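Content type mmCIF, C-alpha atoms, from the file data_26.cif:
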data_entry
#
loop_
_atom_site.label_atom_id
_atom_site.label_comp_id
_atom_site.auth_asym_id
_atom_site.auth_seq_id
_atom_site.Cartn_x
_atom_site.Cartn_y
_atom_site.Cartn_z
CA MET F 17 63.68 -72.81 -77.11
CA THR F 18 60.95 -70.25 -76.74
CA SER F 19 61.27 -67.06 -74.75
CA VAL F 20 57.65 -67.24 -73.63
CA ASP F 21 57.37 -67.31 -69.84
CA PRO F 22 56.72 -70.83 -68.43
CA GLY F 23 53.86 -69.40 -66.38
CA TYR F 24 51.72 -69.08 -69.52
CA PHE F 25 52.23 -72.76 -70.29
CA LEU F 26 51.26 -73.62 -66.71
CA ALA F 27 48.13 -71.48 -67.09
CA LEU F 28 47.21 -73.33 -70.29
CA GLY F 29 47.74 -76.70 -68.58
CA GLY F 30 45.68 -75.70 -65.56
CA LEU F 31 42.79 -74.44 -67.66
CA MET F 32 42.78 -77.60 -69.80
CA PHE F 33 42.83 -79.81 -66.69
CA THR F 34 39.88 -77.87 -65.29
CA ILE F 35 37.93 -78.27 -68.54
CA GLY F 36 38.66 -82.00 -68.37
CA VAL F 37 37.25 -82.25 -64.83
CA VAL F 38 34.13 -80.25 -65.74
CA GLY F 39 33.63 -82.45 -68.83
CA VAL F 40 33.81 -85.64 -66.78
CA LEU F 41 31.22 -84.20 -64.38
CA VAL F 42 28.85 -82.91 -67.06
CA ARG F 43 28.84 -85.36 -69.96
CA ARG F 44 26.83 -88.60 -70.03
CA ASN F 45 28.37 -90.71 -72.79
CA ALA F 46 31.00 -93.11 -71.37
CA ILE F 47 33.32 -92.70 -74.37
CA VAL F 48 33.10 -88.90 -74.19
CA ILE F 49 33.88 -89.01 -70.46
CA PHE F 50 36.88 -91.15 -71.31
CA MET F 51 38.08 -88.56 -73.83
CA PHE F 52 37.94 -85.87 -71.13
CA VAL F 53 40.14 -88.12 -68.95
CA GLU F 54 42.62 -88.14 -71.85
CA LEU F 55 42.42 -84.33 -71.94
CA MET F 56 43.36 -84.22 -68.24
CA LEU F 57 46.33 -86.54 -68.85
CA ASN F 58 47.45 -84.26 -71.69
CA ALA F 59 47.23 -81.19 -69.48
CA VAL F 60 49.37 -82.89 -66.84
CA ASN F 61 51.89 -83.82 -69.55
CA LEU F 62 52.15 -80.13 -70.39
CA PHE F 63 52.87 -79.41 -66.71
CA PHE F 64 55.66 -82.03 -66.68
CA VAL F 65 57.27 -80.69 -69.85
CA THR F 66 57.12 -77.12 -68.51
CA PHE F 67 58.68 -78.18 -65.20
CA ALA F 68 61.42 -80.06 -67.09
CA ARG F 69 62.20 -76.84 -68.94
CA MET F 70 62.24 -74.81 -65.72
CA GLN F 71 64.50 -77.33 -63.98
CA GLY F 72 66.84 -77.71 -66.92
CA ASN F 73 66.87 -81.52 -67.19
CA VAL F 74 64.87 -84.18 -69.02
CA ASN F 75 63.45 -86.04 -65.99
CA GLY F 76 60.03 -84.46 -66.53
CA GLN F 77 60.03 -85.55 -70.16
CA VAL F 78 60.78 -89.14 -69.10
CA VAL F 79 57.77 -89.00 -66.76
CA VAL F 80 55.64 -87.87 -69.72
CA PHE F 81 56.87 -90.97 -71.56
CA PHE F 82 55.56 -93.17 -68.72
CA VAL F 83 52.26 -91.26 -68.65
CA LEU F 84 51.84 -91.98 -72.37
CA VAL F 85 52.42 -95.72 -71.84
CA VAL F 86 49.97 -95.88 -68.94
CA ALA F 87 47.42 -93.87 -70.94
CA ALA F 88 47.68 -96.30 -73.86
CA ALA F 89 47.11 -99.31 -71.59
CA GLU F 90 44.26 -97.50 -69.81
CA VAL F 91 42.52 -96.61 -73.07
CA VAL F 92 42.65 -100.19 -74.32
CA VAL F 93 41.23 -101.67 -71.10
CA GLY F 94 38.65 -98.90 -70.65
CA LEU F 95 37.32 -99.21 -74.19
CA ALA F 96 37.08 -103.00 -73.74
CA ILE F 97 34.98 -102.42 -70.60
CA ILE F 98 32.75 -99.94 -72.49
CA ILE F 99 32.29 -102.47 -75.31
CA SER F 100 31.28 -105.25 -72.93
CA ILE F 101 28.83 -102.92 -71.13
CA PHE F 102 27.41 -101.93 -74.52
CA ARG F 103 26.96 -105.58 -75.52
CA ARG F 104 24.85 -106.21 -72.44
CA ARG F 105 22.85 -102.97 -72.26
CA ALA F 106 22.99 -101.55 -75.81
CA SER F 107 23.88 -98.17 -74.30
CA ALA F 108 26.98 -96.16 -73.52
CA ASN F 109 25.14 -93.80 -71.19
CA VAL F 110 26.62 -93.79 -67.69
CA ASP F 111 23.20 -93.18 -66.13
CA ASP F 112 22.11 -96.65 -67.29
CA VAL F 113 24.96 -98.32 -65.41
CA SER F 114 23.85 -97.57 -61.85
CA LEU F 115 23.68 -101.07 -60.34
CA LEU F 116 26.49 -100.41 -57.85
CA ARG F 117 25.12 -97.00 -56.81
CA TRP F 118 23.74 -96.69 -53.30
CA MET Q 13 58.21 -61.93 -81.31
CA LEU Q 14 57.64 -65.01 -83.46
CA ASP Q 15 57.66 -67.17 -80.32
CA GLU Q 16 54.86 -65.13 -78.80
CA VAL Q 17 52.77 -65.44 -81.96
CA VAL Q 18 53.27 -69.22 -82.15
CA PHE Q 19 52.44 -69.58 -78.48
CA GLY Q 20 49.36 -67.40 -78.93
CA VAL Q 21 48.08 -69.64 -81.72
CA THR Q 22 48.84 -72.75 -79.64
CA PHE Q 23 47.05 -71.31 -76.62
CA VAL Q 24 43.94 -70.30 -78.58
CA VAL Q 25 43.68 -73.61 -80.49
CA ALA Q 26 44.31 -75.81 -77.44
CA LEU Q 27 41.94 -73.93 -75.16
CA GLY Q 28 39.31 -73.29 -77.85
CA SER Q 29 39.08 -76.92 -78.93
CA SER Q 30 38.98 -78.07 -75.28
CA ILE Q 31 36.04 -75.75 -74.62
CA ALA Q 32 34.40 -76.90 -77.87
CA MET Q 33 34.66 -80.48 -76.57
CA LEU Q 34 32.36 -79.51 -73.70
CA PHE Q 35 29.61 -78.29 -76.01
CA ALA Q 36 29.82 -80.71 -78.95
CA PRO Q 37 26.81 -83.06 -78.77
CA ASN Q 38 28.26 -85.63 -81.18
CA ALA Q 39 30.95 -88.05 -79.88
CA VAL Q 40 32.83 -87.94 -83.19
CA HIS Q 41 33.07 -84.15 -83.00
CA VAL Q 42 34.38 -84.42 -79.44
CA ALA Q 43 37.07 -86.83 -80.68
CA LEU Q 44 38.09 -84.47 -83.50
CA PHE Q 45 38.31 -81.49 -81.13
CA LEU Q 46 40.46 -83.64 -78.84
CA VAL Q 47 42.81 -84.36 -81.77
CA ALA Q 48 43.06 -80.62 -82.45
CA SER Q 49 43.95 -79.84 -78.84
CA GLN Q 50 46.51 -82.66 -78.79
CA VAL Q 51 48.24 -81.35 -81.91
CA ALA Q 52 48.31 -77.88 -80.34
CA LEU Q 53 49.83 -79.39 -77.20
CA ALA Q 54 52.49 -81.10 -79.31
CA LEU Q 55 53.37 -77.62 -80.58
CA ALA Q 56 53.61 -76.42 -76.97
CA PHE Q 57 56.01 -79.33 -76.25
CA LEU Q 58 58.12 -78.38 -79.29
CA LEU Q 59 58.28 -74.77 -78.10
CA GLN Q 60 59.72 -75.93 -74.77
CA GLY Q 61 62.45 -78.12 -76.21
CA ALA Q 62 60.72 -81.51 -75.70
CA TYR Q 63 61.22 -82.69 -79.27
CA PHE Q 64 60.94 -86.44 -78.66
CA ILE Q 65 57.82 -86.03 -76.52
CA ALA Q 66 56.22 -83.84 -79.20
CA ALA Q 67 56.83 -86.56 -81.80
CA ILE Q 68 55.37 -89.39 -79.74
CA GLN Q 69 52.48 -87.14 -78.70
CA ILE Q 70 51.47 -86.94 -82.37
CA ILE Q 71 52.23 -90.59 -83.21
CA LEU Q 72 50.79 -92.21 -80.09
CA TYR Q 73 48.03 -89.85 -78.96
CA ALA Q 74 46.74 -88.11 -82.06
CA GLY Q 75 47.52 -91.21 -84.11
CA ALA Q 76 47.05 -94.53 -82.36
CA ILE Q 77 44.85 -93.70 -79.36
CA MET Q 78 42.43 -91.40 -81.18
CA VAL Q 79 42.04 -93.91 -84.04
CA LEU Q 80 41.13 -96.49 -81.39
CA PHE Q 81 38.57 -94.06 -79.92
CA LEU Q 82 36.99 -93.33 -83.31
CA PHE Q 83 36.99 -97.04 -84.11
CA VAL Q 84 35.03 -97.83 -80.94
CA ILE Q 85 32.64 -94.91 -81.49
CA MET Q 86 31.85 -96.21 -84.97
CA LEU Q 87 31.72 -99.84 -83.82
CA LEU Q 88 29.16 -99.11 -81.12
CA GLY Q 89 27.20 -96.66 -83.26
CA VAL Q 90 27.06 -94.09 -80.48
CA ASP Q 91 27.87 -91.26 -82.88
CA ARG Q 92 24.32 -89.96 -82.72
CA ARG Q 93 23.56 -86.82 -80.75
CA GLU Q 94 23.77 -87.03 -77.01
CA ALA Q 95 20.74 -85.64 -75.24
CA LEU Q 96 21.92 -82.36 -73.74
CA ILE Q 97 19.12 -82.13 -71.17
CA GLU Q 98 20.18 -82.23 -67.53
CA PRO Q 99 19.29 -85.52 -65.81
CA LEU Q 100 20.14 -84.04 -62.40
CA THR Q 101 18.89 -80.54 -61.69
CA GLY Q 102 21.61 -78.02 -60.97
CA GLN Q 103 24.43 -80.37 -61.95
CA ARG Q 104 25.88 -78.14 -64.64
CA PRO Q 105 26.04 -74.88 -62.68
CA LEU Q 106 27.52 -76.84 -59.79
CA ALA Q 107 30.13 -78.43 -62.09
CA ALA Q 108 30.99 -75.02 -63.54
CA ALA Q 109 31.36 -73.55 -60.04
CA LEU Q 110 33.60 -76.46 -58.99
CA GLY Q 111 35.64 -75.90 -62.15
CA VAL Q 112 36.22 -72.26 -61.22
CA VAL Q 113 37.26 -73.29 -57.71
CA LEU Q 114 39.62 -75.94 -59.10
CA ALA Q 115 41.18 -73.49 -61.55
CA ALA Q 116 41.74 -71.03 -58.71
CA LEU Q 117 43.37 -73.75 -56.59
CA ILE Q 118 45.65 -74.87 -59.43
CA GLY Q 119 46.61 -71.24 -60.05
CA TYR Q 120 47.36 -70.69 -56.37
CA VAL Q 121 49.51 -73.83 -56.10
CA ALA Q 122 51.31 -73.07 -59.37
CA ILE Q 123 52.13 -69.49 -58.36
CA ASN Q 124 53.32 -70.44 -54.88
CA GLY Q 125 55.08 -73.69 -55.80
CA VAL Q 126 57.06 -72.44 -58.79
CA ASP Q 127 60.15 -71.67 -56.69
CA LEU Q 128 60.38 -75.31 -55.58
CA VAL Q 129 60.42 -76.52 -59.17
CA THR Q 130 62.93 -74.03 -60.52
CA ALA Q 131 65.62 -75.19 -58.11
CA GLY Q 132 67.60 -76.91 -60.90
CA GLY Q 133 69.88 -75.56 -63.59
CA GLY Q 134 67.23 -73.41 -65.26
CA GLU Q 135 66.29 -73.11 -68.90
CA GLY Q 136 69.82 -72.70 -70.18
CA ALA Q 137 70.74 -76.17 -68.90
CA LEU Q 138 68.01 -77.82 -71.00
CA ASN Q 139 69.19 -75.90 -74.08
CA GLU Q 140 72.69 -77.22 -73.42
CA ILE Q 141 71.41 -80.81 -73.05
CA ASN Q 142 69.39 -80.53 -76.25
CA ARG Q 143 72.50 -79.30 -78.09
CA ASP Q 144 75.17 -81.67 -76.82
CA PRO Q 145 73.87 -85.21 -76.32
CA GLY Q 146 70.61 -84.30 -78.04
CA ASN Q 147 67.07 -84.56 -76.71
CA VAL Q 148 66.48 -88.21 -77.65
CA MET Q 149 69.90 -89.30 -76.38
CA ALA Q 150 69.38 -87.50 -73.07
CA ILE Q 151 65.95 -89.11 -72.60
CA ALA Q 152 67.37 -92.54 -73.46
CA ARG Q 153 70.20 -92.15 -70.93
CA THR Q 154 67.77 -91.10 -68.20
CA LEU Q 155 65.20 -93.76 -69.11
CA PHE Q 156 67.67 -96.66 -69.18
CA GLY Q 157 69.68 -95.29 -66.26
CA ASP Q 158 67.72 -93.78 -63.39
CA TYR Q 159 64.34 -95.06 -64.57
CA LEU Q 160 65.32 -98.61 -65.59
CA LEU Q 161 63.15 -100.37 -63.00
CA PRO Q 162 59.98 -98.34 -63.78
CA PHE Q 163 60.65 -99.00 -67.46
CA GLU Q 164 60.72 -102.75 -66.87
CA VAL Q 165 57.58 -102.57 -64.70
CA THR Q 166 55.91 -100.86 -67.66
CA SER Q 167 56.30 -104.06 -69.67
CA VAL Q 168 54.44 -105.96 -66.93
CA LEU Q 169 51.69 -103.33 -67.13
CA LEU Q 170 51.38 -103.83 -70.89
CA VAL Q 171 51.15 -107.63 -70.52
CA VAL Q 172 48.46 -107.23 -67.84
CA ALA Q 173 46.55 -104.84 -70.14
CA ILE Q 174 46.73 -107.30 -73.06
CA VAL Q 175 45.50 -110.24 -70.95
CA GLY Q 176 42.77 -108.09 -69.40
CA VAL Q 177 41.47 -106.96 -72.77
CA MET Q 178 41.40 -110.52 -74.06
CA VAL Q 179 39.34 -111.61 -71.03
CA LEU Q 180 36.97 -108.63 -71.29
CA ALA Q 181 36.39 -108.66 -75.03
CA ARG Q 182 36.12 -112.35 -75.85
CA THR Q 183 32.87 -114.11 -76.67
CA ILE Q 184 32.64 -117.81 -75.86
CA VAL Q 185 32.19 -119.93 -78.98
CA GLN Q 186 29.64 -122.67 -78.51
CA ALA Q 187 31.03 -126.12 -79.26
CA GLY Q 188 29.97 -127.31 -82.73
CA SER Q 189 27.91 -124.30 -83.81
CA GLY Q 190 30.84 -122.18 -84.94
CA PHE Q 191 28.93 -119.01 -83.99
CA PRO Q 192 29.78 -116.95 -80.96
CA ALA Q 193 27.13 -117.42 -78.31
CA GLY Q 194 25.33 -114.43 -76.80
CA GLU Q 195 26.10 -113.51 -73.22
CA GLU Q 196 23.12 -115.33 -71.72
CA GLU Q 197 23.69 -118.50 -73.72
CA ALA Q 198 27.34 -118.44 -72.74
CA GLU Q 199 26.38 -118.36 -69.09
CA GLU Q 200 24.09 -121.34 -69.59
CA VAL Q 201 26.91 -123.23 -71.24
CA ALA Q 202 29.21 -122.36 -68.37
CA ALA Q 203 26.57 -123.49 -65.83
#

As structure tokens, what does this structure read like?
Amino acid sequence: MTSVDPGYFLALGGLMFTIGVVGVLVRRNAIVIFMFVELMLNAVNLFFVTFARMQGNVNGQVVVFFVLVVAAAEVVVGLAIIISIFRRRASANVDDVSLLRW
Amino acid sequence: MLDEVVFGVTFVVALGSSIAMLFAPNAVHVALFLVASQVALALAFLLQGAYFIAAIQIILYAGAIMVLFLFVIMLLGVDRREALIEPLTGQRPLAAALGVVLAALIGYVAINGVDLVTAGGGEGALNEINRDPGNVMAIARTLFGDYLLPFEVTSVLLVVAIVGVMVLARTIVQAGSGFPAGEEEAEEVAA
């Protein structure tokens, strides 16, 4: 295992999570927004793996396994929703889907 | 020394491609930058002794999920350039400011909460686990021991996802015509 301090890995994870949040706030394409959500999930996975290393057991790695399963299910359902929105509106821009906005 | 170099490369690639995702106007480029950052993260997992997780990160994320993303991008034809003008004035500076605040908060929590997380056996214990039963064996024992119920609930989640996708993505076939009806026609048929 590496001798690099776990704090650097935590810094990398925190920065990537922040970039994911900013991307969700800034971008307009629904699929791109979805990819930034995946980036956030990845950053959290890095946190879990780093904590597993610091604690000295594999519980954190098992949690990452569950995150991967949930992410796979979420991607499939989310992309199906985007496809059905696109069929109706011929657009993947989130500004066009404002019917429920107050 | 080698560890530091490998980590440096991982850090630069992961962070650089994440930042590039923010500024790439084309959805396909965003997807490719995401693949790059995921491969770099798999390297970060390898560095920290999570060998099994690194493997499924590549297979599942960079493989299956990103192929699905690219497939949908191509299917919908949304791979043209996204307009990078601001629809809401001041949204981007505000988002950047919020990002800085969030990064500061995460840093604060990480620095102050690290002692809570390091309460276990420390890094040597994970090295020992990876050597004796092996990483995959240790994960399997934990997964099918302590986490057996969540693991079974996961199968329910997958079934729900499959049924949900079938409901969302189907088009109703009109009786006799053999062609899938459009959404409006389908509603008329239903009514």

Which neighbours of Ile71 (chain Q) fall inside 12 Å, counting only C-alpha atoms, when residues of the same chain fewer than 6 positions from it are skipped, and could you give them as an NGL selection string? (:F and (84 or 88)) or (:Q and (47 or 50-51 or 54 or 64-65 or 77-79))

Distance CA of Arg44 (chain F)-CA of Asp111 (chain F), one decimal place? 7.0 Å

Restricting to all atoms listed in the file, whichever of F:Val80, F:Met51, F:Val113, F:Val42 is closest to Val65 (chain F) is F:Val80

The PyMOL selection byres ((chain Q) within 6 of (chain F)) - which residues does that actually catch in the file I just gave you? List them as a PyMOL selection string. chain Q and resi 15+34+59-61+107+111+115+130+132-135+137-138+173+177+181

How would the residues just picked look written out with C-alpha atoms as a JSON list (two decimals), in the frame of the given file?
[["chain", "number", "residue", "atom", "x", "y", "z"],
["Q", 15, "ASP", "CA", 57.66, -67.17, -80.32],
["Q", 34, "LEU", "CA", 32.36, -79.51, -73.70],
["Q", 59, "LEU", "CA", 58.28, -74.77, -78.10],
["Q", 60, "GLN", "CA", 59.72, -75.93, -74.77],
["Q", 61, "GLY", "CA", 62.45, -78.12, -76.21],
["Q", 107, "ALA", "CA", 30.13, -78.43, -62.09],
["Q", 111, "GLY", "CA", 35.64, -75.90, -62.15],
["Q", 115, "ALA", "CA", 41.18, -73.49, -61.55],
["Q", 130, "THR", "CA", 62.93, -74.03, -60.52],
["Q", 132, "GLY", "CA", 67.60, -76.91, -60.90],
["Q", 133, "GLY", "CA", 69.88, -75.56, -63.59],
["Q", 134, "GLY", "CA", 67.23, -73.41, -65.26],
["Q", 135, "GLU", "CA", 66.29, -73.11, -68.90],
["Q", 137, "ALA", "CA", 70.74, -76.17, -68.90],
["Q", 138, "LEU", "CA", 68.01, -77.82, -71.00],
["Q", 173, "ALA", "CA", 46.55, -104.84, -70.14],
["Q", 177, "VAL", "CA", 41.47, -106.96, -72.77],
["Q", 181, "ALA", "CA", 36.39, -108.66, -75.03]]

Between CA of Gly119 (chain Q) and CA of Phe23 (chain Q), what is the distance in Å, rounded to a tenth?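 Computed distance, CA of Gly119 (chain Q) to CA of Phe23 (chain Q), equals 16.6 Å.
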
Pull the neighbourhood of (53.9, -99.1, -65.2) for me: all residues within 10 Å in file coordinates, counting only C-alpha atoms, as JSON, numbers by chain. {"F": [82, 83, 85, 86, 89], "Q": [161, 162, 163, 164, 165, 166, 167, 168, 169, 170]}

Just give me the gap between CA of Ala62 (chain Q) and CA of Asn142 (chain Q) in Å, one decimal is fine.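 It comes out at 8.7 Å.
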
Expected selection from the PyMOL selection byres ((chain Q and resi 27) around 10), given as an NGL selection string: (:F and (28-29 or 31-32 or 35)) or (:Q and (21-26 or 28-33 or 48-49 or 52-53))

Point out the residue among Q:Val148, Q:Leu46, Q:Ala56, Q:Ala36 with the least atom-to-atom distance to Met56 (chain F), counting all atoms listed in the file.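 Using all atoms listed in the file, the shortest distance to Met56 (chain F) belongs to Q:Leu46.
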
Calculated over all atoms listed in the file, which of the candidates Q:Glu16, Q:Ile118, Q:Ala67, Q:Leu72 has the smallest distance to Val60 (chain F)?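 Ranked by minimum distance to Val60 (chain F), first place goes to Q:Ile118.
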
Add whatever atoms are absent from region 73-89 of chain Q to reach N, CA and C atoms, and provide the output as a tab-separated table (two decimals), in the coordinates of the input.
chain	number	residue	atom	x	y	z
Q	73	TYR	N	49.32	-90.39	-79.38
Q	73	TYR	CA	48.03	-89.85	-78.96
Q	73	TYR	C	47.14	-89.53	-80.15
Q	74	ALA	N	47.58	-88.54	-80.94
Q	74	ALA	CA	46.74	-88.11	-82.06
Q	74	ALA	C	46.61	-89.20	-83.10
Q	75	GLY	N	47.61	-90.10	-83.17
Q	75	GLY	CA	47.52	-91.21	-84.11
Q	75	GLY	C	46.80	-92.39	-83.51
Q	76	ALA	N	47.55	-93.23	-82.77
Q	76	ALA	CA	47.05	-94.53	-82.36
Q	76	ALA	C	45.82	-94.44	-81.46
Q	77	ILE	N	45.92	-93.66	-80.36
Q	77	ILE	CA	44.85	-93.70	-79.36
Q	77	ILE	C	43.56	-93.12	-79.92
Q	78	MET	N	43.66	-92.01	-80.68
Q	78	MET	CA	42.43	-91.40	-81.18
Q	78	MET	C	41.79	-92.25	-82.26
Q	79	VAL	N	42.62	-92.98	-83.06
Q	79	VAL	CA	42.04	-93.91	-84.04
Q	79	VAL	C	41.26	-94.99	-83.31
Q	80	LEU	N	41.82	-95.47	-82.19
Q	80	LEU	CA	41.13	-96.49	-81.39
Q	80	LEU	C	39.79	-95.95	-80.88
Q	81	PHE	N	39.80	-94.69	-80.40
Q	81	PHE	CA	38.57	-94.06	-79.92
Q	81	PHE	C	37.52	-93.99	-81.03
Q	82	LEU	N	37.95	-93.47	-82.20
Q	82	LEU	CA	36.99	-93.33	-83.31
Q	82	LEU	C	36.48	-94.69	-83.75
Q	83	PHE	N	37.39	-95.69	-83.73
Q	83	PHE	CA	36.99	-97.04	-84.11
Q	83	PHE	C	35.88	-97.55	-83.19
Q	84	VAL	N	36.05	-97.35	-81.88
Q	84	VAL	CA	35.03	-97.83	-80.94
Q	84	VAL	C	33.73	-97.04	-81.08
Q	85	ILE	N	33.85	-95.71	-81.31
Q	85	ILE	CA	32.64	-94.91	-81.49
Q	85	ILE	C	31.83	-95.44	-82.67
Q	86	MET	N	32.54	-95.71	-83.78
Q	86	MET	CA	31.85	-96.21	-84.97
Q	86	MET	C	31.33	-97.63	-84.75
Q	87	LEU	N	32.11	-98.45	-84.05
Q	87	LEU	CA	31.72	-99.84	-83.82
Q	87	LEU	C	30.43	-99.92	-83.01
Q	88	LEU	N	30.33	-99.07	-81.99
Q	88	LEU	CA	29.16	-99.11	-81.12
Q	88	LEU	C	28.00	-98.31	-81.70
Q	89	GLY	N	28.27	-97.48	-82.71
Q	89	GLY	CA	27.20	-96.66	-83.26
Q	89	GLY	C	26.66	-95.65	-82.27
